[in-house]
Structure formats: C-alpha cells, structure tokens
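Student: The file below is input11.txt, compact mmCIF, C-alpha atoms and all ligand atoms:
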```
# COMPACT_ATOMS: atom_id res chain seq x y z
CA MET A 1 54.69 -1.93 -38.60
CA SER A 2 52.67 -5.11 -37.98
CA THR A 3 49.60 -4.53 -35.83
CA ALA A 4 49.70 -8.13 -34.61
CA ALA A 5 53.34 -7.81 -33.55
CA ILE A 6 52.59 -4.63 -31.59
CA SER A 7 49.42 -6.10 -30.03
CA ALA A 8 51.28 -9.19 -28.85
CA ARG A 9 53.90 -7.05 -27.15
CA TYR A 10 51.24 -4.74 -25.64
CA ALA A 11 49.48 -7.72 -24.04
CA LEU A 12 52.77 -9.20 -22.85
CA ALA A 13 53.95 -5.89 -21.33
CA GLN A 14 50.76 -5.72 -19.24
CA SER A 15 50.90 -9.31 -18.09
CA ILE A 16 54.61 -9.09 -17.19
CA ALA A 17 54.05 -5.79 -15.34
CA ARG A 18 51.33 -7.41 -13.24
CA GLN A 19 53.30 -10.58 -12.44
CA ALA A 20 56.55 -8.73 -11.75
CA GLY A 21 54.62 -6.12 -9.76
CA MET A 22 53.11 -8.74 -7.46
CA GLN A 23 56.60 -10.16 -6.86
CA ALA A 24 57.94 -6.67 -6.13
CA LEU A 25 55.05 -6.16 -3.70
CA GLU A 26 56.18 -9.29 -1.82
CA TRP A 27 59.66 -7.76 -1.57
CA PHE A 28 58.10 -4.49 -0.37
CA ARG A 29 56.31 -6.30 2.45
CA LYS A 30 59.57 -7.85 3.67
CA ARG A 31 61.76 -4.84 2.85
CA ASP A 32 63.44 -4.97 6.27
CA GLN A 33 65.38 -7.98 4.89
CA LEU A 34 66.77 -6.05 1.91
CA VAL A 35 70.39 -4.95 1.70
CA ILE A 36 70.44 -1.45 0.22
CA GLU A 37 73.42 -0.42 -1.91
CA SER A 38 74.23 3.15 -2.90
CA LYS A 39 74.71 3.98 -6.60
CA GLY A 40 75.32 7.68 -5.92
CA LEU A 41 73.95 10.59 -3.94
CA GLN A 42 70.28 9.78 -3.04
CA ASP A 43 70.39 6.91 -5.57
CA MET A 44 70.00 3.36 -4.28
CA VAL A 45 69.34 -0.19 -5.37
CA SER A 46 68.45 -3.49 -3.71
CA ALA A 47 67.86 -7.11 -4.67
CA ALA A 48 64.21 -6.20 -5.27
CA ASP A 49 65.22 -3.95 -8.20
CA LYS A 50 67.74 -6.44 -9.60
CA ASP A 51 65.52 -9.54 -9.28
CA THR A 52 62.50 -7.76 -10.74
CA GLU A 53 64.52 -6.62 -13.75
CA LEU A 54 65.97 -10.11 -14.32
CA TYR A 55 62.46 -11.57 -14.18
CA ILE A 56 61.11 -9.03 -16.71
CA ARG A 57 64.07 -9.56 -19.04
CA ALA A 58 63.65 -13.36 -18.95
CA GLN A 59 59.90 -13.13 -19.62
CA VAL A 60 60.39 -10.78 -22.59
CA LEU A 61 63.16 -12.84 -24.15
CA ALA A 62 61.24 -16.09 -23.66
CA GLN A 63 58.60 -14.70 -26.03
CA PHE A 64 60.64 -12.39 -28.27
CA ALA A 65 64.23 -13.60 -28.29
CA ASP A 66 65.32 -11.12 -30.97
CA ASP A 67 63.96 -7.99 -29.27
CA GLY A 68 66.35 -5.48 -27.71
CA PHE A 69 66.29 -4.72 -23.99
CA LEU A 70 67.41 -1.71 -21.94
CA GLY A 71 66.97 -1.91 -18.18
CA GLU A 72 68.13 0.50 -15.50
CA GLU A 73 70.04 -2.16 -13.57
CA GLY A 74 71.26 -4.52 -16.32
CA GLY A 75 71.96 -2.19 -19.23
CA LEU A 76 71.47 -2.63 -22.96
CA ASP A 77 71.34 -5.67 -25.28
CA ARG A 78 70.63 -5.69 -29.06
CA GLU A 79 70.02 -1.96 -29.53
CA ASP A 80 69.66 -2.47 -33.29
CA ALA A 81 66.60 -4.71 -32.92
CA ALA A 82 63.37 -3.36 -34.45
CA TYR A 83 61.63 -3.62 -31.06
CA LEU A 84 63.41 -2.34 -27.95
CA TRP A 85 62.02 -2.84 -24.43
CA VAL A 86 63.01 0.00 -22.07
CA ILE A 87 62.19 -0.76 -18.47
CA ASP A 88 62.63 0.40 -14.91
CA PRO A 89 61.89 -2.53 -12.57
CA ILE A 90 61.14 -0.21 -9.63
CA ASP A 91 60.73 3.51 -10.16
CA GLY A 92 60.59 5.25 -6.80
CA THR A 93 63.20 3.12 -5.03
CA ALA A 94 63.64 5.70 -2.25
CA CYS A 95 59.92 5.34 -1.45
CA PHE A 96 60.09 1.54 -1.78
CA VAL A 97 62.94 1.03 0.68
CA ASN A 98 61.48 3.53 3.16
CA GLY A 99 57.99 2.00 3.21
CA MET A 100 56.11 4.59 1.13
CA HIS A 101 53.69 3.57 -1.63
CA ALA A 102 54.80 5.85 -4.48
CA TRP A 103 56.68 3.30 -6.58
CA CYS A 104 55.81 1.42 -9.75
CA LEU A 105 57.14 -0.66 -12.63
CA SER A 106 57.65 1.03 -15.98
CA ILE A 107 57.75 -0.91 -19.27
CA ALA A 108 58.04 0.77 -22.68
CA VAL A 109 58.52 -0.70 -26.13
CA THR A 110 59.92 1.29 -29.02
CA TYR A 111 59.50 0.29 -32.68
CA GLN A 112 62.31 1.54 -34.91
CA GLY A 113 63.11 4.22 -32.35
CA LYS A 114 59.57 5.44 -31.68
CA PRO A 115 57.93 4.68 -28.30
CA VAL A 116 54.73 2.77 -29.17
CA ILE A 117 53.77 0.91 -25.97
CA GLY A 118 53.71 2.28 -22.42
CA VAL A 119 52.77 0.34 -19.28
CA VAL A 120 53.16 1.70 -15.73
CA PHE A 121 51.89 -0.56 -12.94
CA ASP A 122 51.37 0.58 -9.35
CA PRO A 123 50.93 -2.62 -7.30
CA ASN A 124 49.92 -0.84 -4.09
CA SER A 125 46.84 0.73 -5.65
CA ASN A 126 46.37 -1.98 -8.30
CA GLU A 127 46.44 0.67 -11.04
CA MET A 128 47.72 -0.37 -14.46
CA PHE A 129 48.28 2.66 -16.69
CA HIS A 130 48.64 1.48 -20.28
CA ALA A 131 48.67 2.88 -23.80
CA CYS A 132 49.51 1.75 -27.30
CA ASP A 133 50.13 3.90 -30.36
CA GLY A 134 46.81 5.18 -31.79
CA GLN A 135 44.63 3.31 -29.27
CA GLY A 136 44.21 5.84 -26.44
CA ALA A 137 45.35 5.60 -22.82
CA PHE A 138 43.75 3.76 -19.92
CA VAL A 139 44.00 3.11 -16.21
CA ASN A 140 42.85 -0.48 -15.83
CA GLN A 141 39.89 -0.51 -18.28
CA GLN A 142 39.01 3.19 -17.88
CA PRO A 143 40.03 5.66 -20.65
CA ILE A 144 42.11 8.58 -19.34
CA HIS A 145 42.65 12.10 -20.65
CA ALA A 146 45.19 14.80 -19.87
CA HIS A 147 44.04 17.91 -17.96
CA GLN A 148 42.29 20.75 -19.82
CA ALA A 149 43.85 23.51 -17.64
CA ARG A 150 44.92 26.73 -19.37
CA SER A 151 46.50 28.35 -16.32
CA ILE A 152 49.04 27.07 -13.82
CA THR A 153 46.59 28.04 -11.08
CA GLU A 154 44.03 25.43 -12.19
CA GLY A 155 45.72 22.36 -10.74
CA VAL A 156 48.84 20.79 -9.26
CA LEU A 157 52.11 20.38 -11.12
CA GLY A 158 54.35 17.34 -10.62
CA VAL A 159 58.09 17.95 -10.37
CA GLY A 160 61.16 15.77 -10.09
CA PHE A 161 64.75 16.42 -9.17
CA SER A 162 67.88 14.31 -8.86
CA HIS A 163 71.43 15.28 -7.96
CA ARG A 164 72.45 14.54 -11.54
CA VAL A 165 71.88 18.27 -12.13
CA PRO A 166 72.88 21.29 -10.06
CA VAL A 167 70.36 22.59 -7.54
CA SER A 168 70.63 26.00 -9.20
CA ALA A 169 69.17 24.52 -12.40
CA PHE A 170 65.90 23.75 -10.64
CA VAL A 171 65.09 25.92 -7.64
CA PRO A 172 64.45 29.19 -9.56
CA PHE A 173 61.78 27.33 -11.56
CA LEU A 174 59.96 26.38 -8.35
CA GLY A 175 59.97 30.05 -7.34
CA ARG A 176 58.41 31.07 -10.64
CA VAL A 177 55.68 28.41 -10.28
CA LEU A 178 54.76 29.67 -6.81
CA GLU A 179 54.90 33.33 -7.83
CA ALA A 180 52.49 32.53 -10.69
CA GLY A 181 50.04 31.08 -8.15
CA GLY A 182 50.88 27.44 -8.93
CA MET A 183 51.59 24.53 -6.61
CA PHE A 184 53.89 21.52 -6.97
CA ILE A 185 54.27 18.00 -5.61
CA ARG A 186 57.17 15.50 -5.80
CA ASN A 187 56.19 11.98 -4.78
CA GLY A 188 59.49 10.19 -5.58
CA SER A 189 58.42 8.32 -8.72
CA GLY A 190 58.76 10.17 -12.01
CA ALA A 191 57.02 7.36 -13.93
CA LEU A 192 54.00 7.46 -11.63
CA MET A 193 53.71 11.25 -11.67
CA LEU A 194 53.93 11.28 -15.47
CA SER A 195 51.15 8.66 -15.53
CA TYR A 196 49.12 11.02 -13.35
CA VAL A 197 49.60 13.68 -16.05
CA ALA A 198 48.09 11.24 -18.56
CA ALA A 199 45.21 10.62 -16.14
CA GLY A 200 44.53 14.36 -15.69
CA ARG A 201 45.37 14.18 -11.96
CA LEU A 202 48.34 16.52 -12.44
CA ILE A 203 48.31 19.35 -14.95
CA GLY A 204 51.91 18.68 -15.95
CA TYR A 205 55.34 17.38 -14.94
CA TYR A 206 58.82 18.85 -15.20
CA GLU A 207 62.19 17.39 -14.29
CA PRO A 208 65.47 18.90 -15.52
CA HIS A 209 67.05 15.47 -16.14
CA ILE A 210 65.42 12.06 -16.29
CA ASN A 211 66.52 8.76 -17.80
CA SER A 212 64.75 6.95 -20.64
CA TRP A 213 63.71 3.99 -18.44
CA ASP A 214 61.94 6.43 -16.08
CA CYS A 215 59.81 8.14 -18.69
CA LEU A 216 59.42 6.37 -22.06
CA ALA A 217 56.36 4.35 -21.01
CA ALA A 218 54.64 7.42 -19.61
CA ILE A 219 55.51 9.45 -22.72
CA VAL A 220 53.27 7.07 -24.70
CA LEU A 221 50.59 7.43 -22.01
CA VAL A 222 50.61 11.24 -22.06
CA ARG A 223 50.65 11.39 -25.86
CA GLU A 224 47.75 8.92 -26.15
CA ALA A 225 45.82 10.81 -23.44
CA GLY A 226 45.91 13.96 -25.58
CA GLY A 227 48.72 15.70 -23.69
CA GLN A 228 51.96 17.15 -25.00
CA VAL A 229 55.56 16.03 -24.34
CA ASN A 230 58.93 17.47 -25.37
CA ASP A 231 61.16 15.62 -27.84
CA PHE A 232 62.78 13.52 -25.11
CA LEU A 233 64.72 11.20 -27.45
CA ALA A 234 66.54 14.09 -29.21
CA ASN A 235 70.33 14.30 -28.73
CA ASN A 236 70.76 10.68 -27.58
CA GLY A 237 68.11 10.88 -24.86
CA LEU A 238 67.77 7.08 -24.90
CA HIS A 239 71.27 6.66 -23.45
CA LYS A 240 71.98 9.95 -21.72
CA GLY A 241 68.56 11.15 -20.58
CA ASN A 242 67.16 14.64 -21.06
CA PRO A 243 64.78 17.11 -19.45
CA ILE A 244 61.16 15.96 -19.47
CA ILE A 245 58.25 18.33 -19.88
CA ALA A 246 54.79 16.78 -20.13
CA ALA A 247 51.46 18.52 -19.72
CA GLY A 248 47.88 18.91 -20.81
CA ALA A 249 47.79 20.37 -24.32
CA HIS A 250 46.70 23.90 -23.27
CA ILE A 251 49.08 24.23 -20.32
CA TYR A 252 52.23 22.98 -22.08
CA ALA A 253 53.24 26.40 -23.47
CA PRO A 254 52.63 28.29 -20.18
CA LEU A 255 54.66 25.60 -18.36
CA LEU A 256 57.48 25.93 -20.88
CA ALA A 257 57.53 29.68 -20.24
CA LEU A 258 58.18 29.01 -16.54
CA ILE A 259 61.15 26.71 -17.26
CA ASP A 260 64.58 28.24 -17.46
CA SER A 261 65.67 28.35 -21.10
CA ASP A 262 69.26 27.19 -20.31
CA THR A 263 68.18 23.92 -18.76
CA ALA A 264 65.18 22.71 -20.66
CA ARG A 265 65.11 23.49 -24.36
C1 LIG A 301 64.07 8.19 -9.86
C2 LIG A 301 62.64 8.61 -9.64
C3 LIG A 301 62.60 10.06 -9.24
C4 LIG A 301 63.21 10.94 -10.31
C5 LIG A 301 64.62 10.49 -10.64
C6 LIG A 301 64.68 9.00 -10.94
P1 LIG A 301 64.50 5.60 -9.22
O1 LIG A 301 64.12 6.83 -10.24
O2 LIG A 301 61.87 8.49 -10.81
O3 LIG A 301 61.27 10.49 -9.04
O4 LIG A 301 63.21 12.26 -9.86
O5 LIG A 301 65.06 11.22 -11.75
O6 LIG A 301 66.02 8.63 -11.12
O7 LIG A 301 65.94 5.82 -8.82
O8 LIG A 301 63.57 5.65 -8.10
O9 LIG A 301 64.34 4.42 -10.12
CA CA A 302 63.63 5.33 -12.13
CA CA A 303 64.67 2.25 -10.74
```
Please render this file's structure as structure tokens.
Tutor:
Amino acid sequence: MSTAAISARYALAQSIARQAGMQALEWFRKRDQLVIESKGLQDMVSAADKDTELYIRAQVLAQFADDGFLGEEGGLDREDAAYLWVIDPIDGTACFVNGMHAWCLSIAVTYQGKPVIGVVFDPNSNEMFHACDGQGAFVNQQPIHAHQARSITEGVLGVGFSHRVPVSAFVPFLGRVLEAGGMFIRNGSGALMLSYVAAGRLIGYYEPHINSWDCLAAIVLVREAGGQVNDFLANNGLHKGNPIIAAGAHIYAPLLALIDSDTAR
C-alpha cells in the first residue's frame, strides 16, 4: 500500500466532502423546490441526493480515473479496482427534506477490500469527521476518542432502524436497553450517529441492517478513535448490507449481550 496514494485520496475525500456539502446545503435552504420520490417505505430521494452524488463521482474520477465507485443512488463501477470509493451523498434524507439538521455526506475509500479512509461531513454544524488508517480520528483538527463507558448506564446509545427488517427484530432490543437502565436516541442519520460514537458523544450504535454507503466511512472513524466495530463486510456486506454494532472498547461486549443473537451475529 503506497502511503502517498492513500494520502492523496484522504485529502481529496475531505475537499470533495466540503465542496459537495456546501452545494447540498444550498439545496437544503431551497428544499421547498425539491421533488421528492419514494424508493420504498420511509425511503426517499430527491435531486439533491442525485446531483450531489454525480458531483462527487465526477470529482473522484477526474483525479483517479481507474478507481472504483459505489454510490447509493448511482450504483457500482469497477469493483475490481484496488481503491473503491463508497459514498452516500446525503445520509439522513428524511431529516434533509423535512428541514431538520441531522444529515451529512459520507465518503469512504477501501484499499483491496479494507476500509482505510473515512470522511463524514455535517455542513450545518461545519463538522468534518475524518480518519485514515493508522493516523487517528479527528473532528476538524481536534483528535477524537471513543467513550470509555463500561456500563450501558454511563451514556446514551445511538440506534437506527429501517423497514428493511421486521419490527420484531428490533423492538425487544430497545426494551432490554431500557430495562438495563440505558437510554437511546435515533436522529435519522446512521453515518452521523456512528461518527458521534467515534467522538465519544454516544457510547455505541446499533442498527439491525445498514448499507455499506451508510457506515463504511464511520467504521474507519470508530476504529481509529479506539472503538470496536463488528465485521461489517463479512458475508457480502458491501453489496447486501449487514447489522452494524459500534461502541467504545469497554462497552462493546455488554452492548452485544443486549442484542438478539438471531439478528446480529
Ligand atoms: C438511512 C439513515 C438512517 C438509517 C437507515 C439509512 P438515508 O439512510 O442512515 O439513519 O437508519 O438505515 O438507510 O436513506 O437517509 O440515506
Ligand atoms: Ca444513508
Ligand atoms: Ca442517502
């Protein structure tokens, strides 16, 4: 693995996230003009998502024409390339179209199948979460670290749910969290909540099914911030998605114990 090749992509991922994020913010401010299409139950898309993804794809390929690209809206090109960009142009679309601030852009790069670069940009709060293999994790220029909690009672857990899984695969878990004295929050953006795990704002995050473009960037962030994450890419997670479990190193095992064994292991 060439350090220079990784560094060039790390810098590019951050600069594209910022430029594309400012464009998405313009869309957000005139969101009443957007036509919203449904992709499924509680799953929507607009021109803001599609345009932002096209912009990111063009910027990446202008610099690295041979790299692969997987985007939520436009799909996959050149999967066999050594470097694969996995991006969600807007994570938290339900918040975006309804005027709430919990949305972000998520850009990951894998090298020979391993996620090595993670960038999550929140334009509303001007927070750029970024991490590169072996270099630590940061929000803007500030180093970040996952939470040191040992008990579920010591902080707030992030959760996510989509109708891609049955309700029954999730609700019992929430009951167990509350009975153990825990508390949960769902803000509508899995990528942002996972970045908050890296920043130690949340003690952990669980969602019974998430897609690779939602979480690969934040997986690098959590890992580099000293947290723990499940083997998300196992069993074709890149294409089909998987459960995601991410947490501070000491709270990962207690969180796993609260998750139903049929759905998450
Ligand atoms: C969704 C959000 C949500 C998560 C879903 C995702 P979208 O992405 O991350 O928080 O629970 O699994 O699909 O549709 O806003 O890009
Ligand atoms: Ca998403
Ligand atoms: Ca999206």
Student: Pick the closest to A:Ser162 from A:Val109, A:Ala199, A:Leu41, A:Met128: which is it, counting only C-alpha atoms?
Tutor: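 Checking each candidate against A:Ser162, we get A:Leu41 as the closest.
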Student: Could you please extract the residues within 12 Å of ligand CA 303 (chain A), counting all atoms listed in the file, and hand them back as an NGL selection string?
Tutor: :A and (39 or 43-53 or 71-74 or 86-97 or 103-107 or 188-192 or 210-215)
Student: For stretch 168-184 of chain A, please output as a PyMOL selection string all residues within 6 Å (counting all atoms listed in the file; exclusion window: fewer than 4 positions along the same chain).
Tutor: chain A and resi 152-153+156-158+259
Student: Can you tell me, as a list in words, what residues are no more than 9 Å from A:Arg9 when counting only C-alpha atoms, ignoring any on the same chain fewer than 5 positions away?
Tutor: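 My reading of the contact set: Ala4, Gln14, Val60, Phe64, Val109 and Ile117 of chain A.
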Student: Looking at only C-alpha atoms, which of A:Leu84, A:Val229, A:Val222, A:Val35 is the one that sits closest to A:Leu255?
Tutor: A:Val229
Student: Hey, which of A:Tyr111, A:Asn124, A:Arg78, A:Gln59 ends up closest to A:Phe28? Count only C-alpha atoms.
Tutor: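 Among the listed residues, A:Asn124 lies closest to A:Phe28.
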Student: Which residues are near A:His209? Cut-off 9 Å, only C-alpha atoms, ignore same chain within fewer than 4 positions. Put them as a list in words.
Tutor: Gly160, Phe161, Ser162, Arg164, Val165, Gly241, Asn242, Pro243, Ile244, Thr263 and Ala264 of chain A
Student: May I ask for the distance between atom CA of A:Tyr252 and atom CA of A:Gln228, given in Å to one decimal place?
Tutor: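 Between atom CA of A:Tyr252 and atom CA of A:Gln228 the gap is 6.5 Å.
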Student: Mind listing as a tab-separated table (two decimals) with C-alpha atoms, in the frame of the given file all residues within 12 Å of (45.2, -0.4, -25.7), counting all atoms listed in the file?
Tutor:
```tsv
chain	number	residue	atom	x	y	z
A	3	THR	CA	49.60	-4.53	-35.83
A	6	ILE	CA	52.59	-4.63	-31.59
A	7	SER	CA	49.42	-6.10	-30.03
A	8	ALA	CA	51.28	-9.19	-28.85
A	9	ARG	CA	53.90	-7.05	-27.15
A	10	TYR	CA	51.24	-4.74	-25.64
A	11	ALA	CA	49.48	-7.72	-24.04
A	12	LEU	CA	52.77	-9.20	-22.85
A	13	ALA	CA	53.95	-5.89	-21.33
A	14	GLN	CA	50.76	-5.72	-19.24
A	116	VAL	CA	54.73	2.77	-29.17
A	117	ILE	CA	53.77	0.91	-25.97
A	118	GLY	CA	53.71	2.28	-22.42
A	119	VAL	CA	52.77	0.34	-19.28
A	128	MET	CA	47.72	-0.37	-14.46
A	129	PHE	CA	48.28	2.66	-16.69
A	130	HIS	CA	48.64	1.48	-20.28
A	131	ALA	CA	48.67	2.88	-23.80
A	132	CYS	CA	49.51	1.75	-27.30
A	133	ASP	CA	50.13	3.90	-30.36
A	134	GLY	CA	46.81	5.18	-31.79
A	135	GLN	CA	44.63	3.31	-29.27
A	136	GLY	CA	44.21	5.84	-26.44
A	137	ALA	CA	45.35	5.60	-22.82
A	138	PHE	CA	43.75	3.76	-19.92
A	139	VAL	CA	44.00	3.11	-16.21
A	140	ASN	CA	42.85	-0.48	-15.83
A	141	GLN	CA	39.89	-0.51	-18.28
A	142	GLN	CA	39.01	3.19	-17.88
A	143	PRO	CA	40.03	5.66	-20.65
A	144	ILE	CA	42.11	8.58	-19.34
A	220	VAL	CA	53.27	7.07	-24.70
A	221	LEU	CA	50.59	7.43	-22.01
A	224	GLU	CA	47.75	8.92	-26.15
A	225	ALA	CA	45.82	10.81	-23.44
```
Student: Of the candidates A:Leu216, A:Gly204, A:Gly40, A:Ala234, which shows the shortest atom-to-atom distance to A:Thr110, using all atoms listed in the file?
Tutor: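 When distances to A:Thr110 are compared using all atoms listed in the file, the smallest one comes from A:Leu216.
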Student: Need to verify the contact set: A:Ala82, 9 Å, all atoms listed in the file, exclusion of same-chain residues closer than 5 positions in sequence. Can you return it as a VMD selection string?
Tutor: chain A and resid 66 to 68 110 to 113
Student: Any idea what the distance is between atom CA of A:Ala62 and atom CA of A:Pro115?
Tutor: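 Distance reported for this atom pair: 21.5 Å.
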Student: Take stretch 172-186 of chain A, bring it up to N, CA and C atoms, and give me the output as a PDB file, keeping the file's coordinate frame.
Tutor:
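Writing done, so here's out39.pdb:
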```
ATOM      1  N   PRO A 172      65.107  27.973  -9.052  1.00  0.00           N
ATOM      2  CA  PRO A 172      64.450  29.190  -9.560  1.00  0.00           C
ATOM      3  C   PRO A 172      63.112  28.891 -10.246  1.00  0.00           C
ATOM      4  N   PHE A 173      63.038  27.742 -10.912  1.00  0.00           N
ATOM      5  CA  PHE A 173      61.780  27.330 -11.560  1.00  0.00           C
ATOM      6  C   PHE A 173      60.662  27.180 -10.533  1.00  0.00           C
ATOM      7  N   LEU A 174      60.980  26.555  -9.396  1.00  0.00           N
ATOM      8  CA  LEU A 174      59.960  26.380  -8.350  1.00  0.00           C
ATOM      9  C   LEU A 174      59.441  27.739  -7.870  1.00  0.00           C
ATOM     10  N   GLY A 175      60.365  28.701  -7.745  1.00  0.00           N
ATOM     11  CA  GLY A 175      59.970  30.050  -7.340  1.00  0.00           C
ATOM     12  C   GLY A 175      58.999  30.672  -8.324  1.00  0.00           C
ATOM     13  N   ARG A 176      59.293  30.484  -9.619  1.00  0.00           N
ATOM     14  CA  ARG A 176      58.410  31.070 -10.640  1.00  0.00           C
ATOM     15  C   ARG A 176      57.024  30.417 -10.615  1.00  0.00           C
ATOM     16  N   VAL A 177      56.982  29.105 -10.368  1.00  0.00           N
ATOM     17  CA  VAL A 177      55.680  28.410 -10.280  1.00  0.00           C
ATOM     18  C   VAL A 177      54.863  28.996  -9.139  1.00  0.00           C
ATOM     19  N   LEU A 178      55.497  29.162  -7.987  1.00  0.00           N
ATOM     20  CA  LEU A 178      54.760  29.670  -6.810  1.00  0.00           C
ATOM     21  C   LEU A 178      54.333  31.110  -7.025  1.00  0.00           C
ATOM     22  N   GLU A 179      55.249  31.912  -7.599  1.00  0.00           N
ATOM     23  CA  GLU A 179      54.900  33.330  -7.830  1.00  0.00           C
ATOM     24  C   GLU A 179      53.739  33.458  -8.820  1.00  0.00           C
ATOM     25  N   ALA A 180      53.609  32.488  -9.717  1.00  0.00           N
ATOM     26  CA  ALA A 180      52.490  32.530 -10.690  1.00  0.00           C
ATOM     27  C   ALA A 180      51.208  31.970 -10.083  1.00  0.00           C
ATOM     28  N   GLY A 181      51.255  31.603  -8.802  1.00  0.00           N
ATOM     29  CA  GLY A 181      50.040  31.080  -8.150  1.00  0.00           C
ATOM     30  C   GLY A 181      49.871  29.579  -8.322  1.00  0.00           C
ATOM     31  N   GLY A 182      50.946  28.897  -8.767  1.00  0.00           N
ATOM     32  CA  GLY A 182      50.880  27.440  -8.930  1.00  0.00           C
ATOM     33  C   GLY A 182      51.248  26.707  -7.664  1.00  0.00           C
ATOM     34  N   MET A 183      51.169  25.374  -7.728  1.00  0.00           N
ATOM     35  CA  MET A 183      51.590  24.530  -6.610  1.00  0.00           C
ATOM     36  C   MET A 183      52.221  23.268  -7.196  1.00  0.00           C
ATOM     37  N   PHE A 184      53.195  22.699  -6.450  1.00  0.00           N
ATOM     38  CA  PHE A 184      53.890  21.520  -6.970  1.00  0.00           C
ATOM     39  C   PHE A 184      53.887  20.391  -5.950  1.00  0.00           C
ATOM     40  N   ILE A 185      54.146  19.182  -6.462  1.00  0.00           N
ATOM     41  CA  ILE A 185      54.270  18.000  -5.610  1.00  0.00           C
ATOM     42  C   ILE A 185      55.374  17.132  -6.213  1.00  0.00           C
ATOM     43  N   ARG A 186      56.169  16.485  -5.339  1.00  0.00           N
ATOM     44  CA  ARG A 186      57.170  15.500  -5.800  1.00  0.00           C
ATOM     45  C   ARG A 186      56.941  14.246  -4.969  1.00  0.00           C
TER      46      ARG A 186
END
```
